[in-house]
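Structure data follow from run-v7.cif (mmCIF, C-alpha atoms and all ligand atoms):
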data_final
loop_
_atom_site.group_PDB
_atom_site.id
_atom_site.type_symbol
_atom_site.label_atom_id
_atom_site.label_comp_id
_atom_site.auth_asym_id
_atom_site.auth_seq_id
_atom_site.Cartn_x
_atom_site.Cartn_y
_atom_site.Cartn_z
ATOM 1 C CA MET A 1 -8.713 -41.776 -15.749
ATOM 2 C CA SER A 2 -7.158 -38.341 -15.468
ATOM 3 C CA GLY A 3 -6.382 -36.158 -12.499
ATOM 4 C CA ARG A 4 -6.685 -32.425 -12.224
ATOM 5 C CA LEU A 5 -4.523 -29.310 -12.465
ATOM 6 C CA TYR A 6 -5.060 -26.779 -9.678
ATOM 7 C CA VAL A 7 -3.801 -23.229 -10.345
ATOM 8 C CA VAL A 8 -3.072 -21.933 -6.860
ATOM 9 C CA GLY A 9 -2.470 -18.296 -5.850
ATOM 10 C CA THR A 10 0.086 -17.712 -3.075
ATOM 11 C CA PRO A 11 0.778 -14.584 -0.951
ATOM 12 C CA ILE A 12 2.596 -11.587 -2.462
ATOM 13 C CA GLY A 13 4.041 -10.761 0.958
ATOM 14 C CA ASN A 14 1.815 -11.356 3.945
ATOM 15 C CA LEU A 15 1.514 -15.097 4.625
ATOM 16 C CA GLU A 16 -1.843 -14.569 6.309
ATOM 17 C CA ASP A 17 -3.226 -14.035 2.800
ATOM 18 C CA PHE A 18 -2.738 -17.746 2.043
ATOM 19 C CA SER A 19 -6.272 -19.091 1.882
ATOM 20 C CA VAL A 20 -7.579 -22.133 3.742
ATOM 21 C CA ARG A 21 -8.530 -23.672 0.413
ATOM 22 C CA ALA A 22 -5.105 -23.032 -1.113
ATOM 23 C CA ARG A 23 -3.478 -24.713 1.864
ATOM 24 C CA ARG A 24 -5.786 -27.717 1.663
ATOM 25 C CA THR A 25 -5.195 -27.995 -2.087
ATOM 26 C CA LEU A 26 -1.424 -28.193 -1.576
ATOM 27 C CA GLU A 27 -1.916 -30.779 1.167
ATOM 28 C CA GLU A 28 -4.224 -32.954 -0.920
ATOM 29 C CA ALA A 29 -2.531 -32.714 -4.339
ATOM 30 C CA ASP A 30 -0.281 -35.615 -5.350
ATOM 31 C CA PHE A 31 2.518 -33.216 -6.222
ATOM 32 C CA ILE A 32 3.305 -29.515 -6.564
ATOM 33 C CA ALA A 33 4.776 -27.869 -9.658
ATOM 34 C CA ALA A 34 6.668 -24.812 -8.347
ATOM 35 C CA GLU A 35 8.487 -21.972 -10.102
ATOM 36 C CA ASP A 36 11.300 -22.147 -7.529
ATOM 37 C CA THR A 37 11.152 -25.090 -5.150
ATOM 38 C CA ARG A 38 13.313 -23.273 -2.538
ATOM 39 C CA VAL A 39 10.813 -20.391 -2.347
ATOM 40 C CA THR A 40 7.821 -22.739 -2.159
ATOM 41 C CA LEU A 41 9.566 -24.899 0.449
ATOM 42 C CA ARG A 42 9.566 -21.891 2.805
ATOM 43 C CA LEU A 43 5.808 -21.554 2.309
ATOM 44 C CA LEU A 44 5.252 -25.287 2.858
ATOM 45 C CA ASN A 45 7.429 -25.284 5.991
ATOM 46 C CA HIS A 46 5.551 -22.287 7.400
ATOM 47 C CA PHE A 47 2.252 -24.153 7.056
ATOM 48 C CA GLY A 48 3.655 -27.580 8.002
ATOM 49 C CA ILE A 49 2.919 -29.097 4.583
ATOM 50 C CA LYS A 50 5.059 -31.973 3.302
ATOM 51 C CA LYS A 51 4.666 -32.699 -0.387
ATOM 52 C CA GLU A 52 6.644 -33.828 -3.420
ATOM 53 C CA MET A 53 7.681 -30.810 -5.524
ATOM 54 C CA LEU A 54 9.054 -30.487 -8.992
ATOM 55 C CA SER A 55 10.405 -27.345 -10.519
ATOM 56 C CA TYR A 56 8.537 -25.796 -13.422
ATOM 57 C CA TYR A 57 10.040 -22.573 -14.712
ATOM 58 C CA GLU A 58 10.597 -20.627 -17.910
ATOM 59 C CA HIS A 59 13.588 -22.617 -19.180
ATOM 60 C CA ASN A 60 12.427 -26.176 -18.462
ATOM 61 C CA LYS A 61 8.728 -25.657 -19.130
ATOM 62 C CA ARG A 62 8.618 -27.783 -22.274
ATOM 63 C CA ASP A 63 10.140 -30.965 -20.785
ATOM 64 C CA LYS A 64 8.635 -30.551 -17.348
ATOM 65 C CA GLY A 65 5.301 -29.550 -18.839
ATOM 66 C CA ASN A 66 5.116 -32.834 -20.781
ATOM 67 C CA LEU A 67 6.029 -34.802 -17.667
ATOM 68 C CA ILE A 68 3.388 -33.012 -15.587
ATOM 69 C CA ILE A 69 0.689 -33.614 -18.214
ATOM 70 C CA GLU A 70 1.646 -37.327 -18.419
ATOM 71 C CA ARG A 71 1.377 -37.720 -14.664
ATOM 72 C CA ILE A 72 -2.005 -35.972 -14.566
ATOM 73 C CA MET A 73 -3.257 -38.141 -17.443
ATOM 74 C CA LYS A 74 -2.353 -41.198 -15.358
ATOM 75 C CA GLY A 75 -4.609 -39.952 -12.566
ATOM 76 C CA GLU A 76 -2.454 -37.740 -10.334
ATOM 77 C CA SER A 77 -3.453 -34.229 -9.316
ATOM 78 C CA CYS A 78 -1.007 -31.352 -9.549
ATOM 79 C CA ALA A 79 -1.021 -27.989 -7.756
ATOM 80 C CA LEU A 80 0.760 -25.304 -9.771
ATOM 81 C CA VAL A 81 2.269 -22.390 -7.822
ATOM 82 C CA SER A 82 4.646 -19.545 -8.611
ATOM 83 C CA ASP A 83 6.937 -17.657 -6.216
ATOM 84 C CA ALA A 84 4.200 -15.154 -5.357
ATOM 85 C CA GLY A 85 0.737 -14.262 -6.600
ATOM 86 C CA MET A 86 -1.179 -15.967 -9.362
ATOM 87 C CA PRO A 87 0.686 -18.428 -11.608
ATOM 88 C CA ALA A 88 0.491 -17.627 -15.347
ATOM 89 C CA ILE A 89 0.361 -13.839 -14.727
ATOM 90 C CA SER A 90 3.878 -12.620 -15.665
ATOM 91 C CA ASP A 91 4.897 -15.977 -14.196
ATOM 92 C CA PRO A 92 5.222 -19.527 -15.552
ATOM 93 C CA GLY A 93 1.985 -21.447 -16.016
ATOM 94 C CA GLU A 94 0.262 -20.164 -19.132
ATOM 95 C CA ASP A 95 1.659 -22.950 -21.352
ATOM 96 C CA LEU A 96 0.921 -25.651 -18.808
ATOM 97 C CA VAL A 97 -2.691 -24.542 -18.435
ATOM 98 C CA ARG A 98 -3.076 -24.447 -22.232
ATOM 99 C CA ALA A 99 -1.547 -27.916 -22.600
ATOM 100 C CA ALA A 100 -3.772 -29.296 -19.845
ATOM 101 C CA ARG A 101 -6.888 -27.847 -21.436
ATOM 102 C CA GLY A 102 -5.776 -29.169 -24.816
ATOM 103 C CA ALA A 103 -5.425 -32.649 -23.329
ATOM 104 C CA GLY A 104 -8.936 -32.489 -21.854
ATOM 105 C CA ILE A 105 -7.646 -32.230 -18.277
ATOM 106 C CA ALA A 106 -9.830 -30.378 -15.764
ATOM 107 C CA VAL A 107 -8.175 -27.133 -14.671
ATOM 108 C CA GLU A 108 -9.404 -25.658 -11.418
ATOM 109 C CA ALA A 109 -8.700 -22.157 -10.056
ATOM 110 C CA VAL A 110 -7.732 -21.678 -6.436
ATOM 111 C CA PRO A 111 -7.451 -17.888 -6.608
ATOM 112 C CA GLY A 112 -5.196 -15.861 -4.381
ATOM 113 C CA PRO A 113 -3.528 -12.436 -4.306
ATOM 114 C CA CYS A 114 -2.440 -10.865 -7.557
ATOM 115 C CA ALA A 115 -0.174 -7.805 -7.447
ATOM 116 C CA LEU A 116 -1.789 -5.954 -10.350
ATOM 117 C CA VAL A 117 -5.353 -6.239 -9.043
ATOM 118 C CA THR A 118 -4.294 -5.435 -5.478
ATOM 119 C CA ALA A 119 -2.391 -2.345 -6.647
ATOM 120 C CA LEU A 120 -5.241 -1.093 -8.821
ATOM 121 C CA ALA A 121 -7.745 -1.518 -5.986
ATOM 122 C CA VAL A 122 -5.774 0.748 -3.627
ATOM 123 C CA SER A 123 -4.451 3.204 -6.229
ATOM 124 C CA GLY A 124 -7.436 5.539 -6.459
ATOM 125 C CA MET A 125 -7.059 5.465 -10.263
ATOM 126 C CA PRO A 126 -10.001 4.741 -12.597
ATOM 127 C CA SER A 127 -10.542 0.992 -12.398
ATOM 128 C CA GLY A 128 -13.577 0.537 -14.652
ATOM 129 C CA ARG A 129 -11.439 -0.102 -17.713
ATOM 130 C CA PHE A 130 -7.747 -0.952 -17.535
ATOM 131 C CA CYS A 131 -5.064 -2.845 -19.393
ATOM 132 C CA PHE A 132 -2.209 -4.873 -17.962
ATOM 133 C CA GLU A 133 1.097 -4.444 -19.803
ATOM 134 C CA GLY A 134 3.307 -6.716 -17.674
ATOM 135 C CA PHE A 135 7.053 -6.020 -17.618
ATOM 136 C CA LEU A 136 8.687 -3.642 -20.094
ATOM 137 C CA SER A 137 11.615 -5.009 -22.048
ATOM 138 C CA VAL A 138 15.150 -4.450 -20.701
ATOM 139 C CA ASN A 139 16.091 -3.499 -24.248
ATOM 140 C CA LYS A 140 15.814 0.292 -24.595
ATOM 141 C CA ILE A 141 14.506 0.234 -28.187
ATOM 142 C CA SER A 142 11.838 -2.415 -27.523
ATOM 143 C CA ARG A 143 10.812 -0.647 -24.308
ATOM 144 C CA ARG A 144 10.349 2.688 -26.078
ATOM 145 C CA LYS A 145 8.455 1.025 -28.945
ATOM 146 C CA HIS A 146 6.107 -0.662 -26.463
ATOM 147 C CA LEU A 147 5.435 2.681 -24.750
ATOM 148 C CA GLU A 148 4.977 4.542 -28.051
ATOM 149 C CA GLU A 149 2.283 2.019 -28.993
ATOM 150 C CA LEU A 150 0.457 2.873 -25.764
ATOM 151 C CA LYS A 151 0.483 6.648 -25.942
ATOM 152 C CA GLY A 152 -3.110 6.852 -27.245
ATOM 153 C CA GLU A 153 -4.407 4.257 -24.741
ATOM 154 C CA LYS A 154 -7.363 5.699 -22.844
ATOM 155 C CA ARG A 155 -7.672 2.960 -20.246
ATOM 156 C CA THR A 156 -5.680 2.963 -17.002
ATOM 157 C CA MET A 157 -2.392 1.147 -17.669
ATOM 158 C CA ILE A 158 -0.721 -1.235 -15.243
ATOM 159 C CA PHE A 159 2.947 -2.276 -15.381
ATOM 160 C CA TYR A 160 5.171 -4.504 -13.300
ATOM 161 C CA GLU A 161 8.677 -3.134 -12.805
ATOM 162 C CA ALA A 162 11.884 -4.258 -11.129
ATOM 163 C CA PRO A 163 13.504 -1.608 -8.879
ATOM 164 C CA HIS A 164 16.774 -1.430 -10.841
ATOM 165 C CA LYS A 165 14.860 -0.549 -14.038
ATOM 166 C CA LEU A 166 12.368 1.858 -12.473
ATOM 167 C CA ALA A 167 14.204 5.160 -13.107
ATOM 168 C CA ALA A 168 14.755 4.431 -16.820
ATOM 169 C CA ALA A 169 11.183 3.198 -17.238
ATOM 170 C CA LEU A 170 9.695 6.346 -15.640
ATOM 171 C CA LYS A 171 11.812 8.601 -17.828
ATOM 172 C CA ASP A 172 10.743 6.745 -20.986
ATOM 173 C CA MET A 173 7.102 6.796 -19.860
ATOM 174 C CA LEU A 174 7.258 10.559 -19.346
ATOM 175 C CA CYS A 175 8.656 11.006 -22.848
ATOM 176 C CA ALA A 176 6.057 8.716 -24.433
ATOM 177 C CA PHE A 177 2.923 9.725 -22.505
ATOM 178 C CA GLY A 178 3.622 13.279 -21.387
ATOM 179 C CA ASP A 179 2.955 14.271 -17.805
ATOM 180 C CA ARG A 180 0.177 12.176 -16.313
ATOM 181 C CA ARG A 181 -0.947 10.935 -12.944
ATOM 182 C CA ILE A 182 0.774 7.799 -11.691
ATOM 183 C CA ALA A 183 0.393 5.655 -8.586
ATOM 184 C CA LEU A 184 3.442 3.677 -7.479
ATOM 185 C CA ALA A 185 2.309 0.730 -5.357
ATOM 186 C CA ARG A 186 5.293 -0.636 -3.491
ATOM 187 C CA GLU A 187 5.807 -3.668 -1.255
ATOM 188 C CA LEU A 188 2.088 -4.455 -1.095
ATOM 189 C CA THR A 189 0.988 -6.432 1.970
ATOM 190 C CA LYS A 190 4.522 -6.148 3.432
ATOM 191 C CA ILE A 191 5.865 -4.041 6.327
ATOM 192 C CA HIS A 192 6.968 -1.167 4.088
ATOM 193 C CA GLU A 193 3.829 -1.081 1.915
ATOM 194 C CA SER A 194 3.195 2.329 0.360
ATOM 195 C CA VAL A 195 1.126 3.783 -2.458
ATOM 196 C CA ILE A 196 2.425 7.111 -3.754
ATOM 197 C CA SER A 197 0.100 9.168 -5.950
ATOM 198 C CA THR A 198 2.061 11.689 -7.985
ATOM 199 C CA THR A 199 2.840 12.714 -11.567
ATOM 200 C CA LEU A 200 5.152 11.007 -14.035
ATOM 201 C CA SER A 201 7.499 14.012 -14.115
ATOM 202 C CA GLU A 202 7.744 14.150 -10.307
ATOM 203 C CA ALA A 203 8.287 10.395 -10.082
ATOM 204 C CA ALA A 204 10.949 10.406 -12.839
ATOM 205 C CA SER A 205 12.762 13.256 -11.117
ATOM 206 C CA TYR A 206 12.539 11.671 -7.642
ATOM 207 C CA TYR A 207 13.788 8.246 -8.707
ATOM 208 C CA SER A 208 16.668 9.706 -10.717
ATOM 209 C CA GLU A 209 18.118 10.752 -7.351
ATOM 210 C CA ASN A 210 16.733 8.149 -4.946
ATOM 211 C CA ILE A 211 17.418 4.453 -5.325
ATOM 212 C CA PRO A 212 14.150 2.499 -5.434
ATOM 213 C CA LYS A 213 13.849 -0.481 -3.112
ATOM 214 C CA GLY A 214 11.291 -3.275 -3.138
ATOM 215 C CA GLU A 215 8.704 -4.476 -5.609
ATOM 216 C CA PHE A 216 6.619 -2.008 -7.614
ATOM 217 C CA VAL A 217 3.408 -1.944 -9.586
ATOM 218 C CA LEU A 218 2.954 1.218 -11.670
ATOM 219 C CA ILE A 219 -0.535 2.477 -12.440
ATOM 220 C CA ILE A 220 -0.745 5.244 -15.005
ATOM 221 C CA GLU A 221 -3.812 7.156 -16.108
ATOM 222 C CA GLY A 222 -4.915 6.708 -19.703
ATOM 223 C CA LYS A 223 -4.922 9.501 -22.269
ATOM 224 C CA ALA A 224 -7.475 12.164 -21.433
ATOM 225 C CA GLU A 225 -10.373 12.632 -23.875
ATOM 226 C CA GLU A 226 -9.685 16.381 -24.147
ATOM 227 C CA SER A 227 -6.031 17.196 -24.666
ATOM 228 C CA ARG A 228 -4.762 19.696 -22.123
ATOM 229 C CA GLU A 229 -3.650 23.248 -23.017
ATOM 230 C CA TYR A 230 -0.093 23.671 -21.752
ATOM 231 C CA THR A 231 1.556 26.984 -20.895
ATOM 232 C CA LEU A 232 5.253 27.812 -21.207
ATOM 233 C CA ASP A 233 5.496 27.486 -17.413
ATOM 234 C CA ASP A 234 4.118 23.926 -17.629
ATOM 235 C CA ALA A 235 6.684 23.144 -20.331
ATOM 236 C CA LEU A 236 9.516 24.558 -18.200
ATOM 237 C CA GLU A 237 8.404 22.515 -15.204
ATOM 238 C CA ILE A 238 8.367 19.332 -17.298
ATOM 239 C CA ALA A 239 11.744 20.159 -18.904
ATOM 240 C CA LYS A 240 13.304 20.731 -15.478
ATOM 241 C CA ASN A 241 12.006 17.400 -14.211
ATOM 242 C CA ILE A 242 13.428 15.724 -17.307
ATOM 243 C CA MET A 243 16.778 17.444 -16.675
ATOM 244 C CA ASN A 244 16.658 16.312 -13.046
ATOM 245 C CA ALA A 245 16.147 12.798 -14.375
ATOM 246 C CA GLY A 246 19.515 13.126 -16.159
ATOM 247 C CA SER A 247 18.882 14.650 -19.615
ATOM 248 C CA ALA A 248 20.800 17.562 -21.171
ATOM 249 C CA ILE A 249 19.055 20.926 -21.579
ATOM 250 C CA SER A 250 18.446 20.601 -25.313
ATOM 251 C CA ALA A 251 17.100 17.023 -25.008
ATOM 252 C CA ALA A 252 14.846 18.140 -22.130
ATOM 253 C CA ALA A 253 13.521 21.064 -24.202
ATOM 254 C CA LYS A 254 12.816 18.693 -27.086
ATOM 255 C CA GLU A 255 10.982 16.191 -24.897
ATOM 256 C CA ALA A 256 8.964 18.919 -23.156
ATOM 257 C CA ALA A 257 8.058 20.311 -26.576
ATOM 258 C CA GLY A 258 6.798 16.874 -27.619
ATOM 259 C CA VAL A 259 4.640 16.646 -24.493
ATOM 260 C CA THR A 260 3.207 20.182 -24.529
ATOM 261 C CA GLY A 261 3.193 21.212 -28.186
ATOM 262 C CA ILE A 262 5.121 24.393 -27.273
ATOM 263 C CA LYS A 263 8.079 25.209 -29.546
ATOM 264 C CA LYS A 264 11.360 23.614 -28.529
ATOM 265 C CA GLY A 265 13.252 26.862 -29.201
ATOM 266 C CA ASP A 266 10.983 28.832 -26.831
ATOM 267 C CA ILE A 267 11.433 26.300 -24.045
ATOM 268 C CA TYR A 268 15.188 26.162 -24.614
ATOM 269 C CA LYS A 269 15.534 29.975 -24.518
ATOM 270 C CA ALA A 270 13.405 30.255 -21.373
ATOM 271 C CA LEU A 271 15.442 27.531 -19.669
ATOM 272 C CA LEU A 272 18.688 29.321 -20.518
ATOM 273 C CA ALA A 273 17.279 32.620 -19.287
ATOM 274 C CA GLN A 274 16.323 31.051 -15.956
ATOM 275 C CA MET A 275 19.791 29.594 -15.529
ATOM 276 C CA LYS A 276 21.566 32.930 -15.878
HETATM 277 N N1 LIG A 301 2.183 -13.605 -10.727
HETATM 278 C C1 LIG A 301 2.419 -12.504 -9.825
HETATM 279 C C2 LIG A 301 1.088 -11.872 -9.434
HETATM 280 O O1 LIG A 301 0.101 -12.279 -9.968
HETATM 281 O O2 LIG A 301 1.020 -11.010 -8.582
HETATM 282 C C3 LIG A 301 3.393 -11.517 -10.397
HETATM 283 C C4 LIG A 301 4.757 -12.101 -10.624
HETATM 284 S S1 LIG A 301 5.876 -11.036 -11.395
HETATM 285 C C5 LIG A 301 7.227 -12.145 -11.699
HETATM 286 C C6 LIG A 301 6.564 -10.113 -10.060
HETATM 287 C C7 LIG A 301 6.191 -8.628 -10.131
HETATM 288 O O3 LIG A 301 4.925 -8.426 -9.522
HETATM 289 C C8 LIG A 301 7.147 -7.719 -9.351
HETATM 290 O O4 LIG A 301 8.270 -7.351 -10.122
HETATM 291 C C9 LIG A 301 6.271 -6.528 -9.040
HETATM 292 O O5 LIG A 301 6.149 -5.688 -10.169
HETATM 293 C C10 LIG A 301 4.917 -7.219 -8.795
HETATM 294 N N2 LIG A 301 4.768 -7.560 -7.364
HETATM 295 C C11 LIG A 301 4.776 -8.784 -6.816
HETATM 296 N N3 LIG A 301 4.594 -8.693 -5.482
HETATM 297 C C12 LIG A 301 4.458 -7.384 -5.201
HETATM 298 C C13 LIG A 301 4.247 -6.643 -3.999
HETATM 299 N N4 LIG A 301 4.145 -7.254 -2.818
HETATM 300 N N5 LIG A 301 4.144 -5.296 -4.079
HETATM 301 C C14 LIG A 301 4.253 -4.672 -5.264
HETATM 302 N N6 LIG A 301 4.461 -5.311 -6.424
HETATM 303 C C15 LIG A 301 4.558 -6.651 -6.395
#
Would you mind writing the file out in C-alpha cells?
Amino acid sequence: MSGRLYVVGTPIGNLEDFSVRARRTLEEADFIAAEDTRVTLRLLNHFGIKKEMLSYYEHNKRDKGNLIIERIMKGESCALVSDAGMPAISDPGEDLVRAARGAGIAVEAVPGPCALVTALAVSGMPSGRFCFEGFLSVNKISRRKHLEELKGEKRTMIFYEAPHKLAAALKDMLCAFGDRRIALARELTKIHESVISTTLSEAASYYSENIPKGEFVLIIEGKAEESREYTLDDALEIAKNIMNAGSAISAAAKEAAGVTGIKKGDIYKALLAQMK
C-alpha cells in the first residue's frame, strides 16, 4: 500500500487566496513537508489546522526526501508546501516530486497562487509565449553570462529578483538587452501591490537612486522581430540613464553604443559637449 504526495500552493501574500481544497488537504494529510516550519505554522494557526510538520528545504532535501518517500510508501499521505506560492517553482520540491514519481507514488496537484503567472497576467506584456528564468546568480560573471545567452530571446522573459540585487540586475539587463519595455510587479496581493510599466533604462536609473522594498517579479519584452533604428539622441538618453545608474561616462558611452549601434566616440563627444 502506498499513500500520496499532494503538492499544495499557498498564498503569496493575501491569505484569502488559500483555497478551500488546499486547506482541506492540509487537514487530511498525515503530515506536512514544509520549506520553513515556522512560516507554515503561521498559516496553520491562521486557519486553525493542527498537523505534524517536518522541514524539507534545500540543504536537507536528500535525507528528508528519503524519509518522506519511505513514509508515503508505508501508506501515509504527505502535503508538500513552500513558504509562498507553488512548491518546486524556484522553491524546494522538484526532487521530491521526481523521487515520488520514480517510486510509483501518486502525485496530486492542489494548485494555488504562483508569483510568475500572477505577475504576467497583470503586466500587460505579451503572454502568448514566455519563458521563466527564475533567479539570476549573485555572481556577477554568471549573471552576465545568463543574460547574454538571453539577448536574442523573442519570448517575454520573467525573472524573480530579491530587492537588494534589483539595481545591479537592472543595470546588467540594460547592457545585455538594450532598452526594452519592462513591468516590475511588486508585492502582489499585498497592501503595497504595484505594477510599474516602464523601460529598462528608466528602471535602472530609478533604482540606482531609490532603495527597492518588497518582493519583485520582472517581466521583460522579448527581442523585437525588426531591430529598431536608433538616433544619437536615443543613444544619449540611454547613456545618461546608464550614468545615473552609476557608470562612468566612457563606460556609459560604450554600453549605449552596444545597444544602439551608434559609434562610441560620437556618443562620448556628444555627452562631453552637453556637460560643458
Ligand atoms: N514558489 C513561489 C511561487 O511559485 O510563486 C516562488 C518562490 S521564490 C523563492 C520567491 C520569489 O518569488 C520572490 O523573490 C519574488 O521574486 C517572487 N514573489 C513571491 N511572492 C511575491 C509577491 N507577493 N509579489 C511579487 N513577487 C513575489
I need the residue set behind the PyMOL selection byres (((not hetatm)) within 9 of (chain A and resi 301)) for this file; please write it as a PyMOL selection string. chain A and resi 9-14+82-92+112-119+134-135+159-163+184-190+193-194+214-218
Hits of the PyMOL selection byres (((chain A and resi 57) around 10) and not hetatm) in this structure, as a ChimeraX atom specification: /A:33-37,54-56,58-62,64-65,82,91-93
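Residues surrounding Tyr6 in chain A within 7 Å are Cys78, Ala79, Leu80, Val107, Glu108, Ala109 and Val110 of chain A [only C-alpha atoms; sequence separation below 3 positions excluded].
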Could you state the separation of CA of Val7 in chain A and CA of Arg155 in chain A in Å, given to one decimal place?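 If I compute the distance from CA of Val7 in chain A to CA of Arg155 in chain A, I get 28.3 Å.
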Result set, the PyMOL selection byres (((chain A and resi 230-247) around 9) and not hetatm) on current file, as a PyMOL selection string: chain A and resi 167-168+171+174-175+178-179+201-209+228-229+248-257+259-262+266-268+270-271
Same residues, C-alpha atoms, output as a PDB file, in the frame of the given file:
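The result, written out as again.pdb:
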ATOM      1  CA  ALA A 167      14.204   5.160 -13.107  1.00  0.00           C
ATOM      2  CA  ALA A 168      14.755   4.431 -16.820  1.00  0.00           C
ATOM      3  CA  LYS A 171      11.812   8.601 -17.828  1.00  0.00           C
ATOM      4  CA  LEU A 174       7.258  10.559 -19.346  1.00  0.00           C
ATOM      5  CA  CYS A 175       8.656  11.006 -22.848  1.00  0.00           C
ATOM      6  CA  GLY A 178       3.622  13.279 -21.387  1.00  0.00           C
ATOM      7  CA  ASP A 179       2.955  14.271 -17.805  1.00  0.00           C
ATOM      8  CA  SER A 201       7.499  14.012 -14.115  1.00  0.00           C
ATOM      9  CA  GLU A 202       7.744  14.150 -10.307  1.00  0.00           C
ATOM     10  CA  ALA A 203       8.287  10.395 -10.082  1.00  0.00           C
ATOM     11  CA  ALA A 204      10.949  10.406 -12.839  1.00  0.00           C
ATOM     12  CA  SER A 205      12.762  13.256 -11.117  1.00  0.00           C
ATOM     13  CA  TYR A 206      12.539  11.671  -7.642  1.00  0.00           C
ATOM     14  CA  TYR A 207      13.788   8.246  -8.707  1.00  0.00           C
ATOM     15  CA  SER A 208      16.668   9.706 -10.717  1.00  0.00           C
ATOM     16  CA  GLU A 209      18.118  10.752  -7.351  1.00  0.00           C
ATOM     17  CA  ARG A 228      -4.762  19.696 -22.123  1.00  0.00           C
ATOM     18  CA  GLU A 229      -3.650  23.248 -23.017  1.00  0.00           C
ATOM     19  CA  ALA A 248      20.800  17.562 -21.171  1.00  0.00           C
ATOM     20  CA  ILE A 249      19.055  20.926 -21.579  1.00  0.00           C
ATOM     21  CA  SER A 250      18.446  20.601 -25.313  1.00  0.00           C
ATOM     22  CA  ALA A 251      17.100  17.023 -25.008  1.00  0.00           C
ATOM     23  CA  ALA A 252      14.846  18.140 -22.130  1.00  0.00           C
ATOM     24  CA  ALA A 253      13.521  21.064 -24.202  1.00  0.00           C
ATOM     25  CA  LYS A 254      12.816  18.693 -27.086  1.00  0.00           C
ATOM     26  CA  GLU A 255      10.982  16.191 -24.897  1.00  0.00           C
ATOM     27  CA  ALA A 256       8.964  18.919 -23.156  1.00  0.00           C
ATOM     28  CA  ALA A 257       8.058  20.311 -26.576  1.00  0.00           C
ATOM     29  CA  VAL A 259       4.640  16.646 -24.493  1.00  0.00           C
ATOM     30  CA  THR A 260       3.207  20.182 -24.529  1.00  0.00           C
ATOM     31  CA  GLY A 261       3.193  21.212 -28.186  1.00  0.00           C
ATOM     32  CA  ILE A 262       5.121  24.393 -27.273  1.00  0.00           C
ATOM     33  CA  ASP A 266      10.983  28.832 -26.831  1.00  0.00           C
ATOM     34  CA  ILE A 267      11.433  26.300 -24.045  1.00  0.00           C
ATOM     35  CA  TYR A 268      15.188  26.162 -24.614  1.00  0.00           C
ATOM     36  CA  ALA A 270      13.405  30.255 -21.373  1.00  0.00           C
ATOM     37  CA  LEU A 271      15.442  27.531 -19.669  1.00  0.00           C
TER      38      LEU A 271
END
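Shortest separation to Asn45 in chain A among A:Phe31, A:Arg23, A:Arg129, A:His146 occurs at residue A:Arg23, atoms counted being all atoms listed in the file.
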Taking all atoms listed in the file into account, which of A:Leu5, A:Ile191, A:Val81, A:Met73 comes nearest Phe18 in chain A?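 Closest candidate: A:Val81.
Taking CA of Gly128 in chain A and CA of Glu153 in chain A as endpoints, the distance between them is 14.1 Å.
Each of A:Lys263, A:Arg42, A:Arg181, A:His192 was compared to Ser123 in chain A using all atoms listed in the file, and A:Arg181 turns out to be the nearest.
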Point out the residue among A:Val20, A:Ala224, A:Met53, A:Leu26 with the least atom-to-atom distance to Leu41 in chain A, counting all atoms listed in the file.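 That would be A:Met53, the residue with the smallest distance to Leu41 in chain A.
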Residue nearest Ile105 in chain A among A:Ile69, A:Ala183, A:Leu44, A:Ile141 (counting all atoms listed in the file):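 Nearest candidate to Ile105 in chain A out of A:Ile69, A:Ala183, A:Leu44, A:Ile141: A:Ile69.
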